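Listing of run23.cif; format and content: mmCIF, C-alpha atoms.
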data_data
loop_
_atom_site.group_PDB
_atom_site.id
_atom_site.type_symbol
_atom_site.label_atom_id
_atom_site.label_comp_id
_atom_site.auth_asym_id
_atom_site.auth_seq_id
_atom_site.Cartn_x
_atom_site.Cartn_y
_atom_site.Cartn_z
ATOM 1 C CA MET A 1 17.125 -3.961 18.034
ATOM 2 C CA ALA A 2 15.544 -7.039 19.460
ATOM 3 C CA SER A 3 17.477 -8.878 22.131
ATOM 4 C CA ALA A 4 19.315 -12.104 21.367
ATOM 5 C CA ARG A 5 16.664 -14.039 23.317
ATOM 6 C CA SER A 6 13.635 -12.527 21.626
ATOM 7 C CA GLU A 7 12.444 -11.076 18.345
ATOM 8 C CA VAL A 8 10.263 -8.634 20.275
ATOM 9 C CA ILE A 9 11.335 -5.003 20.652
ATOM 10 C CA SER A 10 10.508 -3.590 24.073
ATOM 11 C CA GLU A 11 8.285 -0.532 24.398
ATOM 12 C CA ASN A 12 11.170 1.307 26.085
ATOM 13 C CA ARG A 13 13.424 0.632 23.085
ATOM 14 C CA MET A 14 10.729 1.871 20.730
ATOM 15 C CA LEU A 15 10.300 4.980 22.870
ATOM 16 C CA ASP A 16 14.055 5.579 22.704
ATOM 17 C CA ILE A 17 13.881 5.351 18.901
ATOM 18 C CA LEU A 18 11.014 7.881 18.827
ATOM 19 C CA TYR A 19 13.049 10.275 20.967
ATOM 20 C CA ARG A 20 16.073 9.921 18.687
ATOM 21 C CA MET A 21 13.810 10.783 15.752
ATOM 22 C CA GLY A 22 12.903 14.041 17.492
ATOM 23 C CA MET A 23 9.387 12.902 18.398
ATOM 24 C CA ARG A 24 9.602 13.465 22.176
ATOM 25 C CA GLY A 25 6.292 14.970 23.265
ATOM 26 C CA LYS A 26 4.869 14.661 19.726
ATOM 27 C CA ALA A 27 4.110 10.948 19.401
ATOM 28 C CA THR A 28 3.822 7.816 21.513
ATOM 29 C CA VAL A 29 4.455 4.157 20.786
ATOM 30 C CA HIS A 30 0.827 3.374 21.543
ATOM 31 C CA GLY A 31 -0.188 6.159 19.171
ATOM 32 C CA PHE A 32 1.465 4.246 16.328
ATOM 33 C CA ARG A 33 -0.395 1.101 17.386
ATOM 34 C CA ASP A 34 -3.656 3.085 17.342
ATOM 35 C CA LEU A 35 -2.817 4.423 13.896
ATOM 36 C CA ALA A 36 -2.028 0.954 12.552
ATOM 37 C CA SER A 37 -5.261 -0.444 13.956
ATOM 38 C CA THR A 38 -7.311 2.399 12.504
ATOM 39 C CA VAL A 39 -5.761 2.244 9.033
ATOM 40 C CA LEU A 40 -5.984 -1.543 8.803
ATOM 41 C CA ASN A 41 -9.588 -1.632 10.058
ATOM 42 C CA GLU A 42 -10.700 1.207 7.791
ATOM 43 C CA SER A 43 -9.145 -0.450 4.745
ATOM 44 C CA GLY A 44 -11.878 -3.087 4.941
ATOM 45 C CA GLN A 45 -9.419 -5.711 3.697
ATOM 46 C CA PHE A 46 -8.592 -7.399 6.982
ATOM 47 C CA GLN A 47 -10.681 -9.151 9.608
ATOM 48 C CA ALA A 48 -10.675 -7.502 13.013
ATOM 49 C CA ASP A 49 -9.371 -10.729 14.625
ATOM 50 C CA TRP A 50 -6.263 -10.674 12.411
ATOM 51 C CA ILE A 51 -5.532 -7.067 13.330
ATOM 52 C CA GLU A 52 -6.101 -7.596 17.042
ATOM 53 C CA HIS A 53 -3.817 -10.636 17.088
ATOM 54 C CA GLN A 54 -1.117 -8.724 15.213
ATOM 55 C CA LEU A 55 -1.288 -6.009 17.862
ATOM 56 C CA ALA A 56 -0.959 -8.710 20.548
ATOM 57 C CA HIS A 57 -4.476 -8.102 21.854
ATOM 58 C CA GLN A 58 -5.834 -11.354 23.212
ATOM 59 C CA PRO A 59 -9.510 -12.318 23.188
ATOM 60 C CA ARG A 60 -11.112 -13.078 26.539
ATOM 61 C CA GLY A 61 -13.951 -15.111 27.938
ATOM 62 C CA VAL A 62 -15.641 -18.023 26.204
ATOM 63 C CA ARG A 63 -14.342 -16.961 22.803
ATOM 64 C CA ALA A 64 -10.747 -17.213 24.008
ATOM 65 C CA ALA A 65 -11.399 -20.604 25.561
ATOM 66 C CA CYS A 66 -12.914 -22.033 22.370
ATOM 67 C CA ASN A 67 -10.853 -20.342 19.652
ATOM 68 C CA SER A 68 -7.088 -20.828 19.645
ATOM 69 C CA ALA A 69 -6.550 -19.631 16.059
ATOM 70 C CA ARG A 70 -3.497 -17.466 15.470
ATOM 71 C CA TYR A 71 -4.361 -16.431 11.885
ATOM 72 C CA LEU A 72 -0.683 -16.550 10.900
ATOM 73 C CA GLN A 73 -1.224 -16.919 7.154
ATOM 74 C CA HIS A 74 -3.586 -13.951 7.052
ATOM 75 C CA ARG A 75 -1.369 -11.838 9.295
ATOM 76 C CA ARG A 76 1.634 -12.499 7.048
ATOM 77 C CA VAL A 77 -0.305 -11.240 4.050
ATOM 78 C CA MET A 78 -1.531 -8.236 6.025
ATOM 79 C CA ILE A 79 2.007 -7.263 7.048
ATOM 80 C CA ARG A 80 3.441 -7.841 3.582
ATOM 81 C CA LEU A 81 0.752 -5.678 1.991
ATOM 82 C CA SER A 82 1.049 -2.947 4.593
ATOM 83 C CA ARG A 83 4.832 -2.778 4.053
ATOM 84 C CA ARG A 84 4.356 -1.892 0.399
ATOM 85 C CA SER A 85 3.314 1.660 -0.206
ATOM 86 C CA GLY A 86 -0.235 1.532 -1.491
ATOM 87 C CA ALA A 87 -0.085 -2.190 -2.241
ATOM 88 C CA ALA A 88 -3.048 -3.043 -0.032
ATOM 89 C CA ARG A 89 -5.311 -1.121 -2.404
ATOM 90 C CA HIS A 90 -4.111 -3.112 -5.418
ATOM 91 C CA GLU A 91 -3.862 -6.685 -4.173
ATOM 92 C CA PRO A 92 -7.095 -7.727 -2.452
ATOM 93 C CA ASP A 93 -6.879 -11.187 -4.054
ATOM 94 C CA ALA A 94 -3.745 -11.887 -2.023
ATOM 95 C CA LEU A 95 -5.950 -12.048 1.059
ATOM 96 C CA ARG A 96 -7.850 -15.003 -0.362
ATOM 97 C CA THR A 97 -4.877 -16.860 -1.837
ATOM 98 C CA GLY A 98 -2.232 -16.070 0.801
ATOM 99 C CA THR A 99 0.316 -15.199 -1.925
#
Structure rendered as structure tokens:
Amino acid sequence: MASARSEVISENRMLDILYRMGMRGKATVHGFRDLASTVLNESGQFQADWIEHQLAHQPRGVRAACNSARYLQHRRVMIRLSRRSGAARHEPDALRTGT
């Protein structure tokens, strides 16, 4: 669970959950992040910037200084679609409309 001060789950808490699921030595928290990035990028439905921001990867250099976009609307759609089993294949229009 997230702490009372934050909605963010720590990596140690996520690791504890993996261990309780019997995944010790079989999977890592970062492995799930890699999987999410790969699946979302390969789907071709989401811009790389949206995915990178969702994974908390921050741009650097001039691009970071000039672009402060957070892509929240697009990231909400991305998460909603990825929560539904197979929904991302069937709702590409949601990316344009944000619904």
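The shell of residues at most 12 Å from A:Gln58, with all atoms listed in the file counted and near chain neighbours (fewer than 2 positions) removed, consists of Ala48, Asp49, Trp50, Ile51, Glu52, His53, Gln54, Leu55, Ala56, Arg60, Gly61, Arg63, Ala64, Ala65, Asn67, Ser68, Ala69 and Arg70 of chain A.
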Hits from the PyMOL selection byres ((chain A and resi 35-42) around 12), listed as a PyMOL selection string: chain A and resi 27-34+43-57+75+78-79+81-83+86+88-89
One-decimal distance in Å that lies between atom CA of A:Pro59 and atom CA of A:Gln73: 18.6 Å
Shell around A:Leu15 at 9 Å using all atoms listed in the file, local window under 3 positions removed, as a PyMOL selection string: chain A and resi 10-12+18-20+24+28-29
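The space between atom CA of A:Ile9 and atom CA of A:Tyr71 spans 21.3 Å.
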